[in-house]
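Okay, data-v7.csv is below, CSV, C-alpha atoms:
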```csv
chain,number,residue,atom,x,y,z
A,86,MET,CA,138.5,114.2,110.3
A,87,ALA,CA,139.3,112.6,107.0
A,88,SER,CA,136.8,113.6,104.3
A,89,ASN,CA,135.7,110.1,103.5
A,90,GLU,CA,135.6,108.7,107.0
A,91,ILE,CA,132.4,108.8,109.0
A,92,ASP,CA,132.9,109.8,112.6
A,93,GLU,CA,130.2,107.5,114.0
A,94,ASP,CA,130.7,108.7,117.5
A,95,LEU,CA,130.1,112.3,116.5
A,96,VAL,CA,126.9,111.4,114.6
A,97,ARG,CA,125.7,109.4,117.6
A,98,ARG,CA,126.3,112.3,119.9
A,99,LEU,CA,124.5,114.7,117.6
A,100,ALA,CA,121.6,112.3,117.3
A,101,ALA,CA,121.4,112.0,121.0
A,102,LEU,CA,121.4,115.8,121.3
A,103,LEU,CA,118.6,116.0,118.7
A,104,GLU,CA,116.4,113.8,120.9
A,105,GLU,CA,117.4,115.6,124.1
A,106,THR,CA,116.7,119.1,122.7
A,107,GLY,CA,113.7,118.2,120.5
A,108,LEU,CA,115.3,119.9,117.6
A,109,SER,CA,114.6,118.6,114.1
A,110,GLU,CA,118.1,119.0,112.8
A,111,ILE,CA,121.6,119.9,113.8
A,112,GLU,CA,124.4,121.0,111.4
A,113,TYR,CA,127.9,121.0,112.8
A,114,GLY,CA,131.4,121.4,111.4
A,115,THR,CA,134.2,123.5,110.2
A,116,ASP,CA,135.2,125.0,106.9
A,117,ALA,CA,136.7,121.7,105.8
A,118,TRP,CA,133.7,119.5,106.7
A,119,ARG,CA,130.2,119.6,107.9
A,120,VAL,CA,127.8,117.0,109.2
A,121,ARG,CA,124.1,117.4,109.4
A,122,VAL,CA,121.8,115.1,111.5
A,123,VAL,CA,118.2,115.3,110.6
A,124,LYS,CA,115.3,113.8,112.6
A,125,GLN,CA,113.0,112.4,110.0
A,126,ARG,CA,109.6,113.9,110.3
A,127,ALA,CA,108.0,112.7,107.1
A,128,GLU,CA,108.0,110.0,104.5
A,129,VAL,CA,111.2,111.0,102.7
A,130,MET,CA,113.9,113.4,103.4
A,131,VAL,CA,116.3,114.3,100.6
A,132,PRO,CA,119.4,115.8,102.0
A,133,VAL,CA,121.3,118.7,100.4
A,134,GLN,CA,124.0,117.5,98.2
A,135,ASN,CA,127.0,119.5,99.2
A,136,THR,CA,130.4,118.0,98.6
A,137,GLY,CA,132.0,116.9,101.8
A,138,THR,CA,128.8,116.8,103.7
A,139,ALA,CA,128.1,113.6,105.6
A,140,THR,CA,124.4,113.2,106.3
A,141,ALA,CA,123.0,110.9,108.8
A,142,GLU,CA,119.4,110.3,109.4
A,143,PRO,CA,118.8,108.4,112.6
A,144,GLY,CA,115.0,108.8,112.2
A,145,ALA,CA,112.5,109.6,114.9
A,146,ALA,CA,112.9,107.0,117.7
A,147,PRO,CA,111.1,104.0,116.1
A,148,SER,CA,108.2,102.6,118.0
A,149,ALA,CA,109.5,99.1,117.8
A,150,GLY,CA,112.6,97.4,116.5
A,151,PRO,CA,112.7,94.7,113.9
A,152,ASP,CA,112.8,92.1,116.6
A,153,GLN,CA,109.2,93.0,117.5
A,154,ALA,CA,108.0,92.8,113.9
A,155,ALA,CA,109.0,89.1,113.9
A,156,GLU,CA,107.2,88.5,117.1
A,157,PRO,CA,104.1,86.3,116.8
A,158,GLY,CA,100.9,88.4,116.7
A,159,ALA,CA,102.7,91.6,115.6
A,160,ILE,CA,100.4,93.8,113.6
A,161,THR,CA,102.5,96.0,111.3
A,162,SER,CA,101.7,99.1,109.4
A,163,PRO,CA,100.9,98.5,105.7
A,164,MET,CA,101.7,102.1,104.8
A,165,VAL,CA,103.3,105.4,105.8
A,166,GLY,CA,100.7,107.4,107.7
A,167,THR,CA,99.4,109.0,110.9
A,168,VAL,CA,97.8,106.7,113.5
A,169,TYR,CA,94.5,107.4,115.0
A,170,LEU,CA,93.4,105.3,118.0
A,171,ALA,CA,89.8,106.5,118.1
A,172,PRO,CA,87.2,106.9,115.3
A,173,GLU,CA,86.8,110.7,116.1
A,174,PRO,CA,88.8,113.1,118.3
A,175,GLY,CA,87.5,112.7,121.8
A,176,ALA,CA,85.8,109.4,121.2
A,177,PRO,CA,86.9,106.3,123.2
A,178,PRO,CA,89.7,104.3,121.5
A,179,PHE,CA,88.9,101.4,119.3
A,180,VAL,CA,91.0,99.1,121.6
A,181,LYS,CA,93.3,99.3,124.5
A,182,ALA,CA,95.8,96.9,126.0
A,183,GLY,CA,94.1,93.9,127.6
A,184,ASP,CA,91.0,94.0,125.3
A,185,HIS,CA,89.8,90.9,123.7
A,186,VAL,CA,89.0,91.5,120.0
A,187,ASP,CA,87.1,89.5,117.4
A,188,GLN,CA,88.5,88.8,114.0
A,189,GLY,CA,87.7,91.7,111.7
A,190,GLN,CA,87.3,94.2,114.5
A,191,THR,CA,88.8,97.6,113.8
A,192,LEU,CA,92.0,98.1,115.8
A,193,LEU,CA,93.0,101.6,114.7
A,194,LEU,CA,93.1,103.9,111.7
A,195,ILE,CA,96.1,105.0,109.6
A,196,GLU,CA,95.7,108.1,107.5
A,197,ALA,CA,97.7,109.4,104.5
A,198,MET,CA,96.4,112.0,102.1
A,199,LYS,CA,92.9,112.1,103.6
A,200,THR,CA,92.5,108.4,103.1
A,201,PHE,CA,91.7,106.7,106.4
A,202,ASN,CA,92.5,103.0,106.4
A,203,GLU,CA,91.0,100.8,109.0
A,204,ILE,CA,93.4,98.2,110.3
A,205,ARG,CA,91.3,95.3,111.4
A,206,ALA,CA,92.2,92.2,113.5
A,207,PRO,CA,93.3,89.4,111.2
A,208,HIS,CA,92.4,86.9,114.0
A,209,ALA,CA,90.6,87.0,117.3
A,210,GLY,CA,92.8,87.5,120.4
A,211,GLU,CA,93.9,89.8,123.2
A,212,VAL,CA,95.7,93.1,122.6
A,213,ALA,CA,98.9,92.3,124.5
A,214,GLU,CA,100.6,95.5,123.8
A,215,LEU,CA,99.8,98.8,122.0
A,216,LEU,CA,103.0,100.2,120.6
A,217,VAL,CA,101.7,103.4,119.0
A,218,GLN,CA,100.1,106.6,120.3
A,219,ASP,CA,97.3,108.7,118.8
A,220,LYS,CA,98.5,111.0,116.0
A,221,MET,CA,101.8,109.3,115.8
A,222,PRO,CA,103.5,109.1,112.3
A,223,VAL,CA,104.4,105.5,111.3
A,224,GLU,CA,106.4,104.0,108.6
A,225,TYR,CA,105.7,100.9,106.5
A,226,GLY,CA,106.4,97.9,108.6
A,227,ASP,CA,106.4,99.6,112.0
A,228,VAL,CA,104.8,97.4,114.7
A,229,LEU,CA,101.4,98.9,115.7
A,230,LEU,CA,100.4,96.4,118.3
A,231,ILE,CA,100.8,92.8,119.5
A,232,LEU,CA,97.7,90.6,119.2
A,233,ARG,CA,97.9,87.3,120.9
B,159,MET,CA,66.7,108.9,88.4
B,160,PRO,CA,70.1,110.0,87.3
B,161,SER,CA,71.8,107.8,84.7
B,162,LEU,CA,75.0,106.1,85.6
B,163,PRO,CA,77.7,104.5,83.5
B,164,ALA,CA,77.7,100.7,83.1
B,165,GLY,CA,78.9,98.8,86.1
B,166,HIS,CA,77.3,101.1,88.6
B,167,ARG,CA,74.3,100.7,90.9
B,168,LEU,CA,72.6,103.6,92.5
B,169,VAL,CA,71.4,103.5,96.1
B,170,ALA,CA,69.4,106.7,96.6
B,171,MET,CA,68.6,107.6,100.2
B,172,GLY,CA,66.9,110.4,102.1
B,173,THR,CA,68.7,111.9,105.2
B,174,VAL,CA,71.4,109.6,106.5
B,175,THR,CA,74.2,110.2,109.1
B,176,SER,CA,76.7,110.3,106.3
B,177,SER,CA,76.8,108.7,102.8
B,178,ASN,CA,80.2,107.2,103.8
B,179,ASP,CA,78.6,105.4,106.8
B,180,GLU,CA,76.0,103.9,104.5
B,181,ALA,CA,78.6,102.9,101.9
B,182,LYS,CA,80.7,101.3,104.6
B,183,ARG,CA,77.7,99.4,105.9
B,184,LEU,CA,77.0,98.2,102.4
B,185,ALA,CA,80.7,97.2,102.0
B,186,PHE,CA,80.5,95.0,105.1
B,187,ASP,CA,77.3,93.4,103.7
B,188,GLY,CA,79.2,92.5,100.5
B,189,ALA,CA,77.9,95.1,98.1
B,190,PRO,CA,79.9,95.1,94.8
B,191,ASP,CA,82.3,97.6,93.3
B,192,GLY,CA,80.4,100.4,91.6
B,193,THR,CA,77.8,100.9,94.3
B,194,VAL,CA,76.9,104.6,94.5
B,195,VAL,CA,75.2,105.9,97.6
B,196,TRP,CA,73.4,109.2,97.0
B,197,ALA,CA,72.0,111.0,100.1
B,198,GLU,CA,69.6,113.8,100.0
B,199,ALA,CA,71.0,115.3,103.2
B,200,GLN,CA,73.4,114.2,106.0
B,201,SER,CA,72.8,114.6,109.7
B,202,ALA,CA,76.4,114.0,110.6
B,203,GLY,CA,78.4,114.8,107.5
B,204,ARG,CA,82.0,114.5,108.2
B,205,GLY,CA,85.2,116.1,107.0
B,206,ARG,CA,88.7,115.1,108.2
B,207,ARG,CA,89.0,114.1,111.9
B,208,GLY,CA,85.9,115.4,113.5
B,209,ARG,CA,85.2,118.3,111.2
B,210,ASP,CA,81.6,118.7,110.2
B,211,TRP,CA,80.5,118.9,106.6
B,212,VAL,CA,77.4,121.0,106.7
B,213,SER,CA,74.9,119.0,104.6
B,214,PRO,CA,71.5,120.5,104.0
B,215,PRO,CA,69.3,119.3,101.2
B,216,GLY,CA,70.1,120.7,97.7
B,217,ASN,CA,73.8,119.9,97.7
B,218,LEU,CA,75.4,116.7,96.5
B,219,TYR,CA,76.5,114.0,98.9
B,220,LEU,CA,77.6,110.8,97.3
B,221,SER,CA,79.9,107.9,98.2
B,222,LEU,CA,81.4,105.4,95.7
B,223,LEU,CA,82.1,102.0,97.0
B,224,LEU,CA,85.1,100.5,95.2
B,225,ARG,CA,86.9,97.2,95.4
B,226,PRO,CA,90.0,98.3,93.5
B,227,GLY,CA,92.2,95.5,94.9
B,228,CYS,CA,95.1,97.9,95.3
B,229,ASP,CA,97.5,98.2,98.3
B,230,PRO,CA,96.8,100.9,100.9
B,231,LYS,CA,99.7,103.0,99.7
B,232,THR,CA,98.2,103.5,96.3
B,233,ALA,CA,94.6,104.0,97.4
B,234,PRO,CA,95.0,107.7,98.0
B,235,GLN,CA,95.7,108.1,94.2
B,236,LEU,CA,92.0,107.5,93.6
B,237,GLY,CA,91.3,110.5,95.8
B,238,PHE,CA,93.3,112.6,93.3
B,239,ALA,CA,91.2,111.0,90.5
B,240,ALA,CA,88.0,111.9,92.4
B,241,ALA,CA,89.1,115.5,92.8
B,242,LEU,CA,89.7,115.7,89.1
B,243,ALA,CA,86.3,114.2,88.4
B,244,VAL,CA,84.6,116.8,90.5
B,245,ALA,CA,86.5,119.6,88.9
B,246,GLU,CA,85.6,118.4,85.4
B,247,ALA,CA,81.9,117.8,86.3
B,248,LEU,CA,81.7,121.3,87.7
B,249,GLU,CA,83.3,123.0,84.7
B,250,PRO,CA,80.3,123.3,82.4
B,251,TRP,CA,78.3,124.9,85.2
B,252,VAL,CA,80.8,127.5,86.1
B,253,ALA,CA,81.6,130.7,84.2
B,254,GLY,CA,84.7,130.4,82.2
B,255,ASP,CA,86.6,133.0,84.0
B,256,VAL,CA,86.1,131.4,87.5
B,257,PRO,CA,89.0,129.1,88.2
B,258,ILE,CA,88.4,125.6,89.5
B,259,THR,CA,91.6,124.5,91.3
B,260,LEU,CA,92.6,121.6,93.4
B,261,LYS,CA,94.2,121.8,96.8
B,262,TRP,CA,96.4,119.0,98.0
B,263,PRO,CA,95.4,116.3,98.3
B,264,ASN,CA,91.9,116.5,97.1
B,265,ASP,CA,89.9,119.7,98.0
B,266,VAL,CA,88.1,121.3,95.1
B,267,LEU,CA,88.2,125.1,95.1
B,268,LEU,CA,86.1,127.5,93.1
B,269,ASP,CA,87.7,130.9,92.9
B,270,GLY,CA,90.0,129.9,95.7
B,271,ALA,CA,87.2,128.9,98.1
B,272,LYS,CA,86.2,125.3,99.0
B,273,VAL,CA,83.3,124.0,97.0
B,274,GLY,CA,83.9,120.3,97.2
B,275,GLY,CA,85.5,117.9,99.7
B,276,ILE,CA,86.6,114.3,99.5
B,277,LEU,CA,87.1,111.8,102.3
B,278,LEU,CA,88.3,108.3,101.6
B,279,GLU,CA,87.9,105.4,103.9
B,280,SER,CA,89.2,101.9,103.4
B,281,ALA,CA,89.8,98.7,105.3
B,282,MET,CA,92.4,96.0,105.3
B,283,GLY,CA,91.0,92.6,105.3
B,284,ALA,CA,92.8,89.4,106.2
B,285,SER,CA,95.2,90.0,103.3
B,286,LYS,CA,98.0,92.3,104.2
B,287,ALA,CA,98.6,93.2,100.6
B,288,ALA,CA,95.4,94.7,99.4
B,289,ILE,CA,92.5,96.8,100.8
B,290,GLU,CA,89.2,95.0,100.9
B,291,TRP,CA,87.2,98.1,99.9
B,292,LEU,CA,87.5,101.8,99.4
B,293,VAL,CA,84.8,104.3,100.0
B,294,VAL,CA,85.2,107.6,98.2
B,295,GLY,CA,83.0,110.2,99.8
B,296,ILE,CA,82.3,113.4,97.9
B,297,GLY,CA,80.5,116.5,99.0
B,298,ILE,CA,79.8,119.4,96.6
B,299,ASN,CA,78.2,122.6,97.7
B,300,LEU,CA,75.8,123.2,94.8
B,301,VAL,CA,73.2,125.6,96.2
B,302,SER,CA,74.5,126.6,99.6
B,303,HIS,CA,77.7,126.7,101.7
B,304,PRO,CA,78.4,127.3,105.3
B,305,ASP,CA,79.3,130.8,106.5
B,306,GLY,CA,82.0,131.3,109.0
B,307,ALA,CA,83.9,128.1,108.3
B,308,SER,CA,87.5,128.2,109.3
B,309,TYR,CA,88.4,127.9,105.6
B,310,GLY,CA,86.7,130.0,102.9
B,311,ALA,CA,83.7,128.1,101.5
B,312,THR,CA,81.6,128.7,98.5
B,313,SER,CA,78.9,127.1,96.4
B,314,VAL,CA,78.3,126.7,92.7
B,315,ALA,CA,75.1,128.8,93.0
B,316,ALA,CA,77.1,131.7,94.6
B,317,SER,CA,79.3,131.8,91.5
B,318,ARG,CA,76.8,131.8,88.7
B,319,GLU,CA,73.5,133.2,87.5
B,320,GLY,CA,70.6,131.1,86.6
B,321,PRO,CA,68.5,128.3,88.1
B,322,PRO,CA,70.0,126.2,90.8
B,323,LEU,CA,71.9,123.1,89.8
B,324,ASP,CA,70.2,119.7,89.9
B,325,ALA,CA,72.1,117.3,92.3
B,326,GLY,CA,71.1,114.3,90.2
B,327,GLN,CA,72.6,115.8,87.1
B,328,MET,CA,75.8,116.6,88.9
B,329,LEU,CA,75.9,113.1,90.4
B,330,SER,CA,75.8,111.5,86.9
B,331,ALA,CA,78.6,113.8,85.7
B,332,VAL,CA,80.9,113.1,88.7
B,333,VAL,CA,80.4,109.3,88.5
B,334,GLU,CA,81.0,109.3,84.8
B,335,ARG,CA,84.2,111.4,85.0
B,336,PHE,CA,85.5,109.4,87.9
B,337,ALA,CA,84.9,106.1,86.0
B,338,ALA,CA,86.9,107.5,83.1
B,339,TRP,CA,89.8,108.6,85.3
B,340,ARG,CA,89.7,105.3,87.2
B,341,ALA,CA,89.9,103.4,83.9
B,342,ARG,CA,93.0,105.4,82.9
B,343,TRP,CA,94.5,104.8,86.3
B,344,VAL,CA,94.0,101.1,86.0
B,345,GLY,CA,95.4,101.1,82.4
B,346,GLU,CA,98.2,103.6,82.7
B,347,GLY,CA,98.9,104.1,86.4
B,348,PHE,CA,99.0,107.3,88.4
B,349,ALA,CA,101.0,109.4,85.8
B,350,PRO,CA,98.0,110.8,83.7
B,351,VAL,CA,96.0,111.5,86.9
B,352,ARG,CA,99.0,113.2,88.4
B,353,GLY,CA,99.6,115.3,85.3
B,354,ALA,CA,96.0,116.4,85.1
B,355,TRP,CA,95.8,117.1,88.8
B,356,LEU,CA,99.0,119.3,88.6
B,357,ASP,CA,97.4,121.3,85.7
B,358,ARG,CA,94.8,122.4,88.2
B,359,ALA,CA,96.9,122.5,91.3
B,360,HIS,CA,96.2,125.4,93.7
B,361,ARG,CA,99.3,127.6,94.4
B,362,LEU,CA,101.7,125.4,92.4
B,363,GLY,CA,105.1,127.1,92.5
B,364,ARG,CA,104.2,129.3,95.3
B,365,GLU,CA,104.9,129.3,99.1
B,366,ILE,CA,102.6,127.1,101.1
B,367,GLU,CA,102.6,125.8,104.6
B,368,LEU,CA,102.0,122.1,105.5
B,369,ARG,CA,100.8,121.4,109.0
B,370,GLY,CA,102.5,118.1,109.6
B,371,PRO,CA,102.3,115.7,112.5
B,372,GLU,CA,105.3,117.4,114.0
B,373,GLY,CA,104.5,121.0,113.3
B,374,PRO,CA,104.3,123.3,110.3
B,375,ILE,CA,106.7,123.1,107.4
B,376,SER,CA,106.8,125.8,104.7
B,377,GLY,CA,108.3,125.9,101.3
B,378,ARG,CA,107.7,126.3,97.6
B,379,PHE,CA,105.0,123.9,96.3
B,380,ALA,CA,107.0,122.1,93.7
B,381,GLY,CA,104.5,119.4,92.8
B,382,ILE,CA,103.4,115.9,93.8
B,383,ASP,CA,105.5,112.8,93.5
B,384,ASP,CA,104.7,109.4,92.0
B,385,ASP,CA,102.8,108.4,95.0
B,386,GLY,CA,100.9,111.7,95.4
B,387,ALA,CA,103.0,113.0,98.2
B,388,LEU,CA,103.4,116.8,98.3
B,389,VAL,CA,106.8,118.0,97.2
B,390,LEU,CA,108.1,121.1,98.9
B,391,ASP,CA,111.3,123.0,98.2
B,392,ARG,CA,112.6,124.5,101.4
B,393,ALA,CA,114.4,127.8,101.6
B,394,ASP,CA,117.7,125.9,102.4
B,395,GLY,CA,117.6,123.9,99.2
B,396,GLN,CA,116.2,120.7,100.7
B,397,ARG,CA,113.4,119.0,98.7
B,398,LEU,CA,110.9,117.1,100.8
B,399,SER,CA,108.2,114.6,99.8
B,400,LEU,CA,105.5,114.7,102.4
B,401,SER,CA,102.4,112.5,102.7
B,402,LEU,CA,101.2,113.5,106.1
B,403,GLY,CA,99.5,116.7,107.2
B,404,GLU,CA,97.3,119.3,105.6
B,405,VAL,CA,98.0,122.4,103.6
B,406,ALA,CA,97.1,125.4,105.6
B,407,ALA,CA,94.3,127.6,104.2
B,408,SER,CA,95.9,130.5,102.4
B,409,GLY,CA,94.9,133.3,100.1
B,410,GLY,CA,95.2,133.4,96.4
```

Just give me the structure as structure tokens.
Amino acid sequence: MASNEIDEDLVRRLAALLEETGLSEIEYGTDAWRVRVVKQRAEVMVPVQNTGTATAEPGAAPSAGPDQAAEPGAITSPMVGTVYLAPEPGAPPFVKAGDHVDQGQTLLLIEAMKTFNEIRAPHAGEVAELLVQDKMPVEYGDVLLILR
Amino acid sequence: MPSLPAGHRLVAMGTVTSSNDEAKRLAFDGAPDGTVVWAEAQSAGRGRRGRDWVSPPGNLYLSLLLRPGCDPKTAPQLGFAAALAVAEALEPWVAGDVPITLKWPNDVLLDGAKVGGILLESAMGASKAAIEWLVVGIGINLVSHPDGASYGATSVAASREGPPLDAGQMLSAVVERFAAWRARWVGEGFAPVRGAWLDRAHRLGREIELRGPEGPISGRFAGIDDDGALVLDRADGQRLSLSLGEVAASGG
């Protein structure tokens, strides 16, 4: 493999292997080159800067693609954080798919650094789809749910 | 009644479920920035995600209602400011050789054991850009602390001689120190808060373990970044900035 060329197929295969095995990272290569694929598990990952190392970060399988963010009624995450679907562990969830919600009703919580932010319905509607699970990490802009 | 800095209004209550619950209720009713809820005791004091905060009379339970107009990403920075405020308010009451340190993101430790906890709650309104309100809940073990907690707990009384501390006096000091740090945060950003927080950081430069959403990650605690995220240096040379998870309780 030429040093400056990215073997996309290899990276893809490693990324697939990452998902399949549940590992957080795989490093693979020879004396001449190495590639490391890291499953992003936090806000930022700064890769090691070794000459000749190609680093690819496919990220944890995103909950929703950009297409869904453009969808009408998509409620996106305003922050990096952990999603909580219920006010307390063991309590019933704030909402579930099919629920009708009023404007201002709490839909879920997103926590970062012990700050719990209530995401509330910007308008009344029906929860068409819930795209996140309890305790799931989310990135800025990830679609949380669709409210129609 | 304790005195408060200008721009604050005290709502003193008896036993409530939690001072944060009361402050949130006031927030929904339109109470202004600077509303301070002071509870004598809490029947359902809360820590993070279902953890109790044992709340008998004699300790301090307060919640500050703020309308900082910031985005949700920056709101946690005020939690660091609150932890600093608590540390500084405690300082005159604690013997000089007993260290007051801060555990990421905002636990206050006295001699390595937890003396104060902070829980922030906020809500997004119709605007996607800014939070509508932020409640900074603060609990300080002044005269008593729970035994057998999963983490080491202590109280101010356990660490000093002399008469028990007055909760009202401590309330004034915490609110005053927080107002000062908040003013600096508004004027100068997170940098001074970050610097002062790092000066008191628990286990800075040492090995810690963060229990993240996808399992524990350990490394050397290198500091906090411009957003307040924990910076860990891994054994393999990677440097990570992590904003999710909790630092595991550890000695020293």

Set out as a tab-separated table a contact list for chain B and chain A with a cut-off of 9 Å, giving each residue of chain B that qualifies its closest atom pair and distance in Å to one decimal, counting all atoms listed in the file, ordered by chain and rising residue number.
```
residue	atom	partner	partner_atom	distance
B:Arg206	CA	A:Lys199	CA	6.9
B:Arg207	CA	A:Glu173	CA	5.8
B:Gly208	CA	A:Glu173	CA	5.4
B:Asp229	CA	A:Pro163	CA	8.1
B:Pro230	CA	A:Met164	CA	6.4
B:Lys231	CA	A:Met164	CA	5.6
B:Ala233	CA	A:Thr200	CA	7.5
B:Pro234	CA	A:Thr200	CA	5.7
B:Gln235	CA	A:Met198	CA	8.8
B:Gly237	CA	A:Thr200	CA	7.7
B:Trp262	CA	A:Met198	CA	8.1
B:Pro263	CA	A:Met198	CA	5.8
B:Asn264	CA	A:Lys199	CA	7.9
B:Ile276	CA	A:Lys199	CA	7.8
B:Leu277	CA	A:Lys199	CA	6.0
B:Leu278	CA	A:Thr200	CA	4.5
B:Glu279	CA	A:Phe201	CA	4.7
B:Ser280	CA	A:Asn202	CA	4.6
B:Ala281	CA	A:Glu203	CA	4.4
B:Met282	CA	A:Ile204	CA	5.6
B:Gly283	CA	A:Arg205	CA	6.7
B:Ala284	CA	A:Pro207	CA	5.0
B:Ser285	CA	A:Pro207	CA	8.1
B:Lys286	CA	A:Pro163	CA	7.0
B:Ala287	CA	A:Pro163	CA	7.7
B:Ile289	CA	A:Asn202	CA	8.4
B:Leu292	CA	A:Asn202	CA	8.7
B:Val294	CA	A:Thr200	CA	8.8
B:Gly370	CA	A:Ala127	CA	8.1
B:Pro371	CA	A:Pro222	CA	6.7
B:Glu372	CA	A:Arg126	CA	6.7
B:Gly386	CA	A:Met198	CA	8.1
B:Ala387	CA	A:Met198	CA	7.7
B:Asp394	CA	A:Val133	CA	8.3
B:Gly395	CA	A:Val133	CA	6.5
B:Gln396	CA	A:Val133	CA	5.5
B:Arg397	CA	A:Val131	CA	5.8
B:Leu398	CA	A:Met130	CA	5.4
B:Ser399	CA	A:Val129	CA	5.5
B:Leu400	CA	A:Ala127	CA	5.7
B:Ser401	CA	A:Ala197	CA	5.9
B:Leu402	CA	A:Ala197	CA	5.6
B:Gly403	CA	A:Met198	CA	7.6
B:Glu404	CA	A:Met198	CA	8.1
```

### Query
In Å to one decimal, how far is atom CA of B:Pro250 from atom CA of B:Ala316?
15.2 Å

### Task
Report the distance between atom CA of B:Trp339 and atom CA of B:Val273 in Å, rounded to one decimal place.
20.4 Å

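Pairwise distance (atom CA of B:Leu260, atom CA of B:Trp355) equals 7.2 Å.
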
### B:Gly381 surroundings by only C-alpha atoms, 8 Å radius, close-in-sequence under 4 positions cut, as a PyMOL selection string
chain B and resi 356+362-363+388-390

### Task
Using all atoms listed in the file, find the one residue out of B:Asp391, B:Asp187, B:Asp357, B:Glu367 that sits nearest to B:Pro257.
B:Asp357

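Shortest separation to B:Ala288 among B:Glu346, B:Ser317, B:Pro226, B:His303 occurs at residue B:Pro226, atoms counted being all atoms listed in the file.
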
### Query
Which neighbours of B:Pro322 fall inside 9 Å, counting all atoms listed in the file, when residues of the same chain fewer than 2 positions from it are skipped, and could you give them as a list in words?
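Answer for this query is Gly216, Leu300, Val301, Val314, Ala315, Glu319, Gly320 and Asp324 of chain B.
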
#### Entry: Given all atoms listed in the file as the counted atoms, nearest of B:Ala202, B:Leu218, B:Ala406, B:Gly192 to B:Pro374
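Of B:Ala202, B:Leu218, B:Ala406, B:Gly192, the one nearest B:Pro374, counting all atoms listed in the file, is B:Ala406.
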
### Task
Name all residues at most 8 Å from B:Ala247 (count all atoms listed in the file; drop same-chain ones fewer than 6 positions away) and give them as number ranges by chain.
B: 328, 331-332, 335

### Task
Give the answer as one residue: which of A:Arg97, A:Gly210, A:Val180, A:His185 has the shortest atom-to-atom distance to A:Pro157, using only C-alpha atoms?
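Using only C-alpha atoms, the shortest distance to A:Pro157 belongs to A:Gly210.
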